[in-house]
>>> print(open('entry.cif').read())   # mmCIF, N, CA and C atoms
data_model
loop_
_atom_site.label_atom_id
_atom_site.label_comp_id
_atom_site.auth_asym_id
_atom_site.auth_seq_id
_atom_site.Cartn_x
_atom_site.Cartn_y
_atom_site.Cartn_z
N MET I 1 -50.42 49.17 126.56
CA MET I 1 -49.78 48.06 127.20
C MET I 1 -50.51 46.78 126.85
N GLN I 2 -49.76 45.82 126.41
CA GLN I 2 -50.36 44.54 126.07
C GLN I 2 -49.65 43.42 126.79
N HIS I 3 -50.41 42.45 127.21
CA HIS I 3 -49.86 41.22 127.77
C HIS I 3 -50.20 40.13 126.78
N THR I 4 -49.29 39.20 126.63
CA THR I 4 -49.61 38.10 125.73
C THR I 4 -49.57 36.79 126.49
N THR I 5 -50.43 35.90 126.10
CA THR I 5 -50.38 34.52 126.56
C THR I 5 -50.11 33.69 125.34
N GLU I 6 -50.05 32.40 125.51
CA GLU I 6 -49.70 31.54 124.38
C GLU I 6 -50.64 31.68 123.20
N SER I 7 -51.94 31.90 123.48
CA SER I 7 -52.87 31.88 122.36
C SER I 7 -53.63 33.18 122.14
N THR I 8 -53.52 34.12 123.05
CA THR I 8 -54.30 35.34 122.89
C THR I 8 -53.50 36.57 123.25
N GLN I 9 -53.93 37.69 122.72
CA GLN I 9 -53.41 38.98 123.12
C GLN I 9 -54.57 39.73 123.73
N CYS I 10 -54.28 40.46 124.79
CA CYS I 10 -55.35 41.14 125.50
C CYS I 10 -54.87 42.49 125.98
N VAL I 11 -55.67 43.50 125.79
CA VAL I 11 -55.39 44.82 126.33
C VAL I 11 -56.29 44.99 127.55
N PRO I 12 -55.70 45.21 128.74
CA PRO I 12 -56.52 45.36 129.94
C PRO I 12 -57.59 46.43 129.78
N ALA I 13 -58.73 46.19 130.43
CA ALA I 13 -59.88 47.07 130.31
C ALA I 13 -59.70 48.39 131.06
N MET I 14 -58.73 48.45 131.98
CA MET I 14 -58.49 49.70 132.69
C MET I 14 -57.01 49.83 133.01
N THR I 15 -56.59 51.06 133.23
CA THR I 15 -55.21 51.31 133.61
C THR I 15 -55.02 50.96 135.09
N TYR I 16 -53.79 50.88 135.50
CA TYR I 16 -53.48 50.59 136.90
C TYR I 16 -54.01 51.71 137.80
N ASP I 17 -53.85 52.94 137.36
CA ASP I 17 -54.36 54.07 138.16
C ASP I 17 -55.87 53.98 138.34
N LEU I 18 -56.59 53.65 137.28
CA LEU I 18 -58.05 53.50 137.41
C LEU I 18 -58.41 52.31 138.28
N MET I 19 -57.65 51.24 138.17
CA MET I 19 -57.89 50.07 139.01
C MET I 19 -57.72 50.45 140.48
N LEU I 20 -56.65 51.16 140.80
CA LEU I 20 -56.42 51.58 142.18
C LEU I 20 -57.52 52.51 142.67
N GLU I 21 -57.97 53.42 141.82
CA GLU I 21 -59.04 54.34 142.23
C GLU I 21 -60.34 53.59 142.47
N LYS I 22 -60.63 52.60 141.65
CA LYS I 22 -61.85 51.80 141.86
C LYS I 22 -61.76 51.04 143.18
N ILE I 23 -60.61 50.42 143.43
CA ILE I 23 -60.42 49.68 144.67
C ILE I 23 -60.44 50.63 145.86
N ARG I 24 -59.84 51.79 145.71
CA ARG I 24 -59.86 52.78 146.80
C ARG I 24 -61.30 53.19 147.12
N TYR I 25 -62.09 53.44 146.09
CA TYR I 25 -63.49 53.84 146.29
C TYR I 25 -64.31 52.69 146.88
N ASP I 26 -64.23 51.51 146.25
CA ASP I 26 -65.02 50.37 146.69
C ASP I 26 -64.63 49.91 148.09
N GLY I 27 -63.35 49.99 148.42
CA GLY I 27 -62.86 49.56 149.72
C GLY I 27 -62.87 50.65 150.77
N ALA I 28 -63.27 51.86 150.38
CA ALA I 28 -63.32 53.01 151.29
C ALA I 28 -61.95 53.26 151.94
N TYR I 29 -60.89 53.10 151.15
CA TYR I 29 -59.55 53.35 151.68
C TYR I 29 -59.28 54.85 151.69
N PRO I 30 -58.57 55.35 152.71
CA PRO I 30 -58.33 56.79 152.81
C PRO I 30 -57.35 57.33 151.78
N THR I 31 -56.44 56.46 151.28
CA THR I 31 -55.43 56.92 150.33
C THR I 31 -55.23 55.91 149.22
N ARG I 32 -54.64 56.39 148.14
CA ARG I 32 -54.26 55.52 147.02
C ARG I 32 -53.22 54.51 147.49
N GLU I 33 -52.31 54.95 148.34
CA GLU I 33 -51.25 54.08 148.84
C GLU I 33 -51.83 52.89 149.60
N ARG I 34 -52.86 53.14 150.40
CA ARG I 34 -53.48 52.04 151.16
C ARG I 34 -54.15 51.05 150.21
N ALA I 35 -54.79 51.55 149.16
CA ALA I 35 -55.38 50.66 148.15
C ALA I 35 -54.30 49.85 147.45
N GLU I 36 -53.17 50.48 147.17
CA GLU I 36 -52.08 49.77 146.50
C GLU I 36 -51.48 48.70 147.41
N GLU I 37 -51.39 48.96 148.71
CA GLU I 37 -50.93 47.94 149.65
C GLU I 37 -51.83 46.70 149.58
N ALA I 38 -53.13 46.94 149.53
CA ALA I 38 -54.09 45.83 149.45
C ALA I 38 -53.89 45.05 148.15
N VAL I 39 -53.70 45.76 147.05
CA VAL I 39 -53.50 45.11 145.75
C VAL I 39 -52.25 44.23 145.80
N ARG I 40 -51.17 44.76 146.31
CA ARG I 40 -49.91 44.00 146.35
C ARG I 40 -50.04 42.76 147.24
N LEU I 41 -50.68 42.91 148.39
CA LEU I 41 -50.86 41.79 149.29
C LEU I 41 -51.71 40.70 148.65
N VAL I 42 -52.88 41.08 148.16
CA VAL I 42 -53.85 40.11 147.67
C VAL I 42 -53.39 39.46 146.36
N LEU I 43 -52.94 40.26 145.41
CA LEU I 43 -52.52 39.67 144.13
C LEU I 43 -51.24 38.84 144.28
N GLY I 44 -50.34 39.27 145.16
CA GLY I 44 -49.14 38.48 145.42
C GLY I 44 -49.51 37.12 146.00
N GLY I 45 -50.45 37.13 146.93
CA GLY I 45 -50.92 35.88 147.52
C GLY I 45 -51.65 35.01 146.51
N LEU I 46 -52.52 35.64 145.71
CA LEU I 46 -53.27 34.89 144.71
C LEU I 46 -52.33 34.25 143.69
N GLY I 47 -51.28 34.96 143.35
CA GLY I 47 -50.30 34.41 142.41
C GLY I 47 -49.65 33.14 142.92
N GLY I 48 -49.60 32.98 144.24
CA GLY I 48 -49.08 31.75 144.82
C GLY I 48 -50.06 30.60 144.81
N GLN I 49 -51.33 30.92 144.60
CA GLN I 49 -52.38 29.90 144.59
C GLN I 49 -52.74 29.44 143.18
N LEU I 50 -52.56 30.30 142.20
CA LEU I 50 -52.92 29.97 140.81
C LEU I 50 -51.69 29.49 140.04
N THR I 51 -51.88 28.52 139.21
CA THR I 51 -50.80 28.05 138.35
C THR I 51 -51.37 27.87 136.94
N GLY I 52 -50.49 27.61 136.02
CA GLY I 52 -50.91 27.23 134.67
C GLY I 52 -51.60 28.33 133.88
N SER I 53 -52.45 27.89 132.99
CA SER I 53 -53.07 28.81 132.04
C SER I 53 -53.99 29.82 132.70
N GLU I 54 -54.63 29.46 133.81
CA GLU I 54 -55.52 30.42 134.49
C GLU I 54 -54.72 31.61 135.01
N ARG I 55 -53.56 31.34 135.54
CA ARG I 55 -52.68 32.41 136.05
C ARG I 55 -52.28 33.35 134.92
N GLN I 56 -51.84 32.77 133.81
CA GLN I 56 -51.42 33.57 132.65
C GLN I 56 -52.59 34.34 132.04
N SER I 57 -53.73 33.68 131.92
CA SER I 57 -54.90 34.34 131.33
C SER I 57 -55.39 35.48 132.21
N LEU I 58 -55.39 35.27 133.52
CA LEU I 58 -55.81 36.34 134.42
C LEU I 58 -54.83 37.51 134.36
N ALA I 59 -53.55 37.22 134.35
CA ALA I 59 -52.54 38.29 134.25
C ALA I 59 -52.75 39.12 132.99
N ALA I 60 -53.15 38.47 131.91
CA ALA I 60 -53.36 39.18 130.64
C ALA I 60 -54.53 40.16 130.71
N ARG I 61 -55.44 39.98 131.64
CA ARG I 61 -56.60 40.86 131.78
C ARG I 61 -56.34 42.02 132.74
N LEU I 62 -55.23 41.96 133.44
CA LEU I 62 -54.92 42.99 134.44
C LEU I 62 -53.99 44.05 133.86
N PRO I 63 -54.03 45.25 134.42
CA PRO I 63 -53.01 46.24 134.03
C PRO I 63 -51.62 45.67 134.32
N GLU I 64 -50.63 46.11 133.59
CA GLU I 64 -49.29 45.55 133.67
C GLU I 64 -48.73 45.50 135.09
N GLU I 65 -48.90 46.56 135.85
CA GLU I 65 -48.35 46.60 137.21
C GLU I 65 -49.00 45.55 138.10
N ALA I 66 -50.30 45.36 137.95
CA ALA I 66 -51.02 44.35 138.73
C ALA I 66 -50.64 42.95 138.25
N ALA I 67 -50.50 42.78 136.96
CA ALA I 67 -50.10 41.47 136.41
C ALA I 67 -48.72 41.07 136.93
N ASP I 68 -47.81 42.03 137.01
CA ASP I 68 -46.47 41.74 137.51
C ASP I 68 -46.52 41.22 138.95
N VAL I 69 -47.38 41.81 139.78
CA VAL I 69 -47.52 41.38 141.17
C VAL I 69 -48.09 39.95 141.20
N LEU I 70 -49.11 39.70 140.41
CA LEU I 70 -49.72 38.36 140.36
C LEU I 70 -48.68 37.32 139.92
N LEU I 71 -47.95 37.62 138.88
CA LEU I 71 -46.99 36.66 138.33
C LEU I 71 -45.76 36.48 139.21
N ALA I 72 -45.48 37.44 140.08
CA ALA I 72 -44.33 37.34 140.99
C ALA I 72 -44.63 36.45 142.19
N GLY I 73 -45.91 36.14 142.43
CA GLY I 73 -46.28 35.30 143.56
C GLY I 73 -45.67 33.91 143.43
N ARG I 74 -45.00 33.47 144.48
CA ARG I 74 -44.36 32.15 144.47
C ARG I 74 -45.40 31.07 144.75
N PRO I 75 -45.32 29.97 144.03
CA PRO I 75 -46.27 28.88 144.29
C PRO I 75 -46.21 28.43 145.76
N GLU I 76 -47.38 28.28 146.33
CA GLU I 76 -47.51 27.85 147.72
C GLU I 76 -48.43 26.64 147.76
N SER I 77 -48.52 26.02 148.92
CA SER I 77 -49.47 24.91 149.05
C SER I 77 -50.88 25.47 148.91
N ALA I 78 -51.76 24.67 148.34
CA ALA I 78 -53.13 25.10 148.08
C ALA I 78 -53.85 25.39 149.40
N LEU I 79 -54.49 26.55 149.45
CA LEU I 79 -55.24 26.98 150.63
C LEU I 79 -56.70 27.19 150.27
N THR I 80 -57.60 26.84 151.16
CA THR I 80 -59.00 27.20 150.97
C THR I 80 -59.10 28.72 151.02
N GLY I 81 -60.22 29.26 150.61
CA GLY I 81 -60.42 30.70 150.67
C GLY I 81 -60.22 31.25 152.07
N ARG I 82 -60.76 30.56 153.04
CA ARG I 82 -60.64 30.99 154.44
C ARG I 82 -59.18 30.98 154.89
N ASP I 83 -58.46 29.91 154.56
CA ASP I 83 -57.06 29.81 154.94
C ASP I 83 -56.20 30.83 154.19
N PHE I 84 -56.59 31.16 152.97
CA PHE I 84 -55.90 32.19 152.19
C PHE I 84 -55.96 33.52 152.92
N VAL I 85 -57.14 33.91 153.37
CA VAL I 85 -57.30 35.17 154.09
C VAL I 85 -56.50 35.13 155.40
N THR I 86 -56.57 34.03 156.11
CA THR I 86 -55.82 33.90 157.37
C THR I 86 -54.32 34.02 157.11
N SER I 87 -53.84 33.39 156.05
CA SER I 87 -52.42 33.47 155.70
C SER I 87 -52.00 34.90 155.39
N LEU I 88 -52.81 35.63 154.64
CA LEU I 88 -52.50 37.03 154.33
C LEU I 88 -52.49 37.87 155.61
N ALA I 89 -53.44 37.61 156.50
CA ALA I 89 -53.51 38.36 157.76
C ALA I 89 -52.24 38.12 158.60
N LEU I 90 -51.77 36.90 158.63
CA LEU I 90 -50.56 36.59 159.38
C LEU I 90 -49.34 37.29 158.80
N ARG I 91 -49.30 37.44 157.48
CA ARG I 91 -48.17 38.12 156.83
C ARG I 91 -48.08 39.58 157.23
N THR I 92 -49.24 40.20 157.43
CA THR I 92 -49.26 41.65 157.68
C THR I 92 -49.48 42.01 159.13
N GLY I 93 -49.97 41.07 159.92
CA GLY I 93 -50.29 41.39 161.30
C GLY I 93 -51.64 42.07 161.45
N ALA I 94 -52.38 42.17 160.35
CA ALA I 94 -53.72 42.78 160.39
C ALA I 94 -54.72 41.74 160.88
N SER I 95 -55.89 42.21 161.28
CA SER I 95 -56.94 41.29 161.71
C SER I 95 -57.46 40.52 160.50
N THR I 96 -58.06 39.38 160.78
CA THR I 96 -58.66 38.59 159.72
C THR I 96 -59.79 39.37 159.05
N ALA I 97 -60.56 40.12 159.83
CA ALA I 97 -61.67 40.90 159.27
C ALA I 97 -61.16 41.97 158.31
N THR I 98 -60.09 42.66 158.69
CA THR I 98 -59.52 43.69 157.81
C THR I 98 -58.97 43.06 156.54
N THR I 99 -58.30 41.92 156.70
CA THR I 99 -57.73 41.24 155.54
C THR I 99 -58.82 40.71 154.64
N ARG I 100 -59.90 40.23 155.20
CA ARG I 100 -61.05 39.77 154.40
C ARG I 100 -61.60 40.93 153.58
N TRP I 101 -61.69 42.10 154.19
CA TRP I 101 -62.16 43.31 153.50
C TRP I 101 -61.22 43.66 152.34
N ASP I 102 -59.91 43.66 152.63
CA ASP I 102 -58.92 43.96 151.60
C ASP I 102 -59.04 42.98 150.44
N THR I 103 -59.15 41.71 150.77
CA THR I 103 -59.23 40.67 149.75
C THR I 103 -60.46 40.85 148.87
N GLY I 104 -61.60 41.07 149.49
CA GLY I 104 -62.82 41.29 148.72
C GLY I 104 -62.77 42.55 147.87
N SER I 105 -62.19 43.61 148.42
CA SER I 105 -62.09 44.87 147.67
C SER I 105 -61.26 44.71 146.41
N VAL I 106 -60.18 43.97 146.52
CA VAL I 106 -59.30 43.77 145.35
C VAL I 106 -59.91 42.75 144.39
N LEU I 107 -60.35 41.62 144.91
CA LEU I 107 -60.78 40.53 144.01
C LEU I 107 -62.10 40.81 143.31
N THR I 108 -62.97 41.65 143.85
CA THR I 108 -64.18 42.00 143.10
C THR I 108 -63.82 42.82 141.86
N THR I 109 -62.80 43.65 141.96
CA THR I 109 -62.34 44.39 140.77
C THR I 109 -61.65 43.44 139.80
N VAL I 110 -60.86 42.50 140.32
CA VAL I 110 -60.21 41.50 139.46
C VAL I 110 -61.27 40.68 138.73
N ALA I 111 -62.35 40.33 139.43
CA ALA I 111 -63.43 39.56 138.80
C ALA I 111 -64.04 40.33 137.64
N GLN I 112 -64.23 41.62 137.82
CA GLN I 112 -64.78 42.45 136.74
C GLN I 112 -63.84 42.45 135.54
N LEU I 113 -62.55 42.58 135.78
CA LEU I 113 -61.58 42.59 134.69
C LEU I 113 -61.46 41.22 134.02
N ALA I 114 -61.61 40.15 134.79
CA ALA I 114 -61.49 38.80 134.24
C ALA I 114 -62.66 38.47 133.33
N GLY I 115 -63.85 38.89 133.72
CA GLY I 115 -65.04 38.51 132.97
C GLY I 115 -65.55 37.17 133.46
N PRO I 116 -66.81 36.85 133.18
CA PRO I 116 -67.43 35.66 133.76
C PRO I 116 -66.81 34.33 133.33
N ASP I 117 -66.40 34.19 132.09
CA ASP I 117 -65.86 32.91 131.63
C ASP I 117 -64.50 32.60 132.26
N LEU I 118 -63.60 33.58 132.24
CA LEU I 118 -62.28 33.37 132.84
C LEU I 118 -62.42 33.23 134.36
N LEU I 119 -63.29 34.02 134.97
CA LEU I 119 -63.48 33.90 136.41
C LEU I 119 -63.94 32.49 136.78
N ALA I 120 -64.83 31.92 136.00
CA ALA I 120 -65.28 30.54 136.25
C ALA I 120 -64.11 29.57 136.17
N GLN I 121 -63.22 29.74 135.20
CA GLN I 121 -62.03 28.89 135.09
C GLN I 121 -61.12 29.06 136.29
N VAL I 122 -60.91 30.30 136.70
CA VAL I 122 -60.06 30.59 137.86
C VAL I 122 -60.63 29.93 139.11
N LEU I 123 -61.93 30.06 139.31
CA LEU I 123 -62.55 29.48 140.50
C LEU I 123 -62.48 27.95 140.50
N ARG I 124 -62.58 27.35 139.32
CA ARG I 124 -62.44 25.89 139.23
C ARG I 124 -61.02 25.45 139.58
N ALA I 125 -60.04 26.31 139.30
CA ALA I 125 -58.64 25.97 139.55
C ALA I 125 -58.24 26.17 141.01
N LEU I 126 -59.04 26.91 141.76
CA LEU I 126 -58.73 27.19 143.16
C LEU I 126 -59.50 26.26 144.08
N PRO I 127 -58.97 26.02 145.30
CA PRO I 127 -59.74 25.24 146.27
C PRO I 127 -61.03 25.96 146.66
N GLN I 128 -61.85 25.28 147.41
CA GLN I 128 -63.15 25.81 147.84
C GLN I 128 -62.98 27.10 148.65
N GLY I 129 -63.95 27.98 148.50
CA GLY I 129 -64.02 29.17 149.35
C GLY I 129 -63.57 30.47 148.72
N TYR I 130 -63.20 30.47 147.46
CA TYR I 130 -62.73 31.69 146.81
C TYR I 130 -63.84 32.50 146.15
N ALA I 131 -64.94 31.86 145.78
CA ALA I 131 -65.99 32.56 145.03
C ALA I 131 -66.48 33.79 145.79
N LEU I 132 -66.72 33.66 147.08
CA LEU I 132 -67.19 34.80 147.86
C LEU I 132 -66.16 35.93 147.90
N LEU I 133 -64.89 35.58 147.88
CA LEU I 133 -63.85 36.60 147.87
C LEU I 133 -63.87 37.41 146.58
N PHE I 134 -64.31 36.77 145.50
CA PHE I 134 -64.44 37.44 144.21
C PHE I 134 -65.82 38.08 144.03
N GLY I 135 -66.63 38.03 145.08
CA GLY I 135 -67.98 38.63 145.01
C GLY I 135 -69.00 37.78 144.31
N ARG I 136 -68.78 36.47 144.25
CA ARG I 136 -69.69 35.55 143.59
C ARG I 136 -70.22 34.55 144.60
N ALA I 137 -71.36 33.95 144.28
CA ALA I 137 -71.93 32.91 145.14
C ALA I 137 -71.04 31.67 145.07
N GLU I 138 -70.93 30.99 146.18
CA GLU I 138 -70.15 29.75 146.24
C GLU I 138 -71.09 28.61 145.85
N LEU I 139 -70.82 28.00 144.74
CA LEU I 139 -71.64 26.89 144.27
C LEU I 139 -71.03 25.59 144.75
N ALA I 140 -71.87 24.64 145.10
CA ALA I 140 -71.38 23.34 145.53
C ALA I 140 -70.73 22.63 144.35
N ARG I 141 -69.63 21.99 144.63
CA ARG I 141 -68.92 21.25 143.57
C ARG I 141 -69.51 19.85 143.47
N ALA I 142 -69.56 19.34 142.27
CA ALA I 142 -70.07 17.98 142.05
C ALA I 142 -69.13 16.97 142.68
N ALA I 143 -69.70 15.92 143.24
CA ALA I 143 -68.88 14.88 143.90
C ALA I 143 -68.22 13.99 142.88
#
>>> encode(input="entry.cif", output="structure tokens")
Amino acid sequence: MQHTTESTQCVPAMTYDLMLEKIRYDGAYPTRERAEEAVRLVLGGLGGQLTGSERQSLAARLPEEAADVLLAGRPESALTGRDFVTSLALRTGASTATTRWDTGSVLTTVAQLAGPDLLAQVLRALPQGYALLFGRAELARAA
């Protein structure tokens, strides 16, 4: 499976099944289905926050099924990382703490697939507060 962007072709580093198993293990989810629910929620929401080349480049690094969820996300108003988690929690009726766990479980795997350079671009494109969700330190932005 290959995804193409305007300037590059990329074969994802893992299959969707392996991605779900990693998220299931890292997130301590009882079933594959529960891990997949988290993936759909988080990537769908993230797709609404990312636009432009970062969105396309990130999709190219994900397995096809995950990329489709990311790209299907409708553009929304920009949310801080904290507001992003709160918004996802409101969509599902889950607690903010559970949703924060789901978000971190999914986005740390996405960060691994993105690699450090693309992840840095993605974080620059998002409002403040997303780095921790991706398992990275939040660096202060220059004024």
>>> residues_around(input="entry.cif", residues="Leu58 in chain I", least_positions_apart="2", cutoff="9 Å", atoms="only C-alpha atoms", output="JSON, numbers by chain")
{"I": [53, 54, 55, 56, 60, 61, 62, 67, 70, 110, 113, 114, 118, 119, 122]}
>>> resolve_selection(input="entry.cif", expression="the PyMOL selection byres (((chain I and resi 32 and name CA) around 12) and name CA)", output="ChimeraX atom specification")
/I:16-31,33-39
>>> select_by_dssp(input="entry.cif", residues="range 31-118 of chain I", states="alpha helix (DSSP H)", output="ChimeraX atom specification")
/I:32-49,52-61,64-72,81-92,96-114,116-118
>>> resolve_selection(input="entry.cif", expression="the PyMOL selection byres ((chain I and resi 103) around 8)", output="list of chain:residue names")
I:Ala38, I:Val39, I:Leu41, I:Val42, I:Leu43, I:Val85, I:Ala97, I:Thr98, I:Thr99, I:Arg100, I:Trp101, I:Asp102, I:Gly104, I:Ser105, I:Val106, I:Leu107, I:Thr108, I:Thr109, I:Leu132, I:Leu133, I:Phe134, I:Gly135
>>> select_by_dssp(input="entry.cif", residues="range 2-64 of chain I", states="strand (DSSP E or B)", output="number ranges by chain")
I: 3-4, 9-10
>>> write_last_selection(input="entry.cif", atoms="N, CA and C atoms", output="short mmCIF file (atom, residue, chain, number, x, y, z; two decimals), keeping the file's coordinate frame")
data_model
loop_
_atom_site.label_atom_id
_atom_site.label_comp_id
_atom_site.auth_asym_id
_atom_site.auth_seq_id
_atom_site.Cartn_x
_atom_site.Cartn_y
_atom_site.Cartn_z
N HIS I 3 -50.41 42.45 127.21
CA HIS I 3 -49.86 41.22 127.77
C HIS I 3 -50.20 40.13 126.78
N THR I 4 -49.29 39.20 126.63
CA THR I 4 -49.61 38.10 125.73
C THR I 4 -49.57 36.79 126.49
N GLN I 9 -53.93 37.69 122.72
CA GLN I 9 -53.41 38.98 123.12
C GLN I 9 -54.57 39.73 123.73
N CYS I 10 -54.28 40.46 124.79
CA CYS I 10 -55.35 41.14 125.50
C CYS I 10 -54.87 42.49 125.98
#
>>> atom_distance(input="entry.cif", atom1="atom N of Arg40 in chain I", atom2="CA of Ala66 in chain I")
7.6 Å
>>> resolve_selection(input="entry.cif", expression="the PyMOL selection byres (((chain I and resi 128 and name CA) around 12) and name CA)", output="PyMOL selection string")
chain I and resi 49+78-84+122-127+129-133+137-142
>>> atom_distance(input="entry.cif", atom1="CA of Gly45 in chain I", atom2="atom N of Gln112 in chain I")
17.4 Å
>>> atom_distance(input="entry.cif", atom1="CA of Ser77 in chain I", atom2="CA of Ala120 in chain I")
21.1 Å
>>> axis_aligned_box(input="entry.cif", around="range 130-140 of chain I", padding_each_side="5 Å", output="AutoDock Vina command-line options")
--center_x -67.3 --center_y 30.6 --center_z 145.7 --size_x 19.2 --size_y 26.0 --size_z 14.3
>>> closest_residue(input="entry.cif", among="I:Thr92, I:Gly115, I:Leu71, I:Ala13", to="Gly47 in chain I", atoms="all atoms listed in the file")
I:Leu71
>>> closest_residue(input="entry.cif", among="I:Leu88, I:Ala111, I:Met14, I:Leu46", to="Arg74 in chain I", atoms="only N, CA and C atoms")
I:Leu46
>>> closest_residue(input="entry.cif", among="I:Ala94, I:Ser57, I:Thr86, I:Ala72", to="Asp117 in chain I", atoms="only C-alpha atoms")
I:Ser57
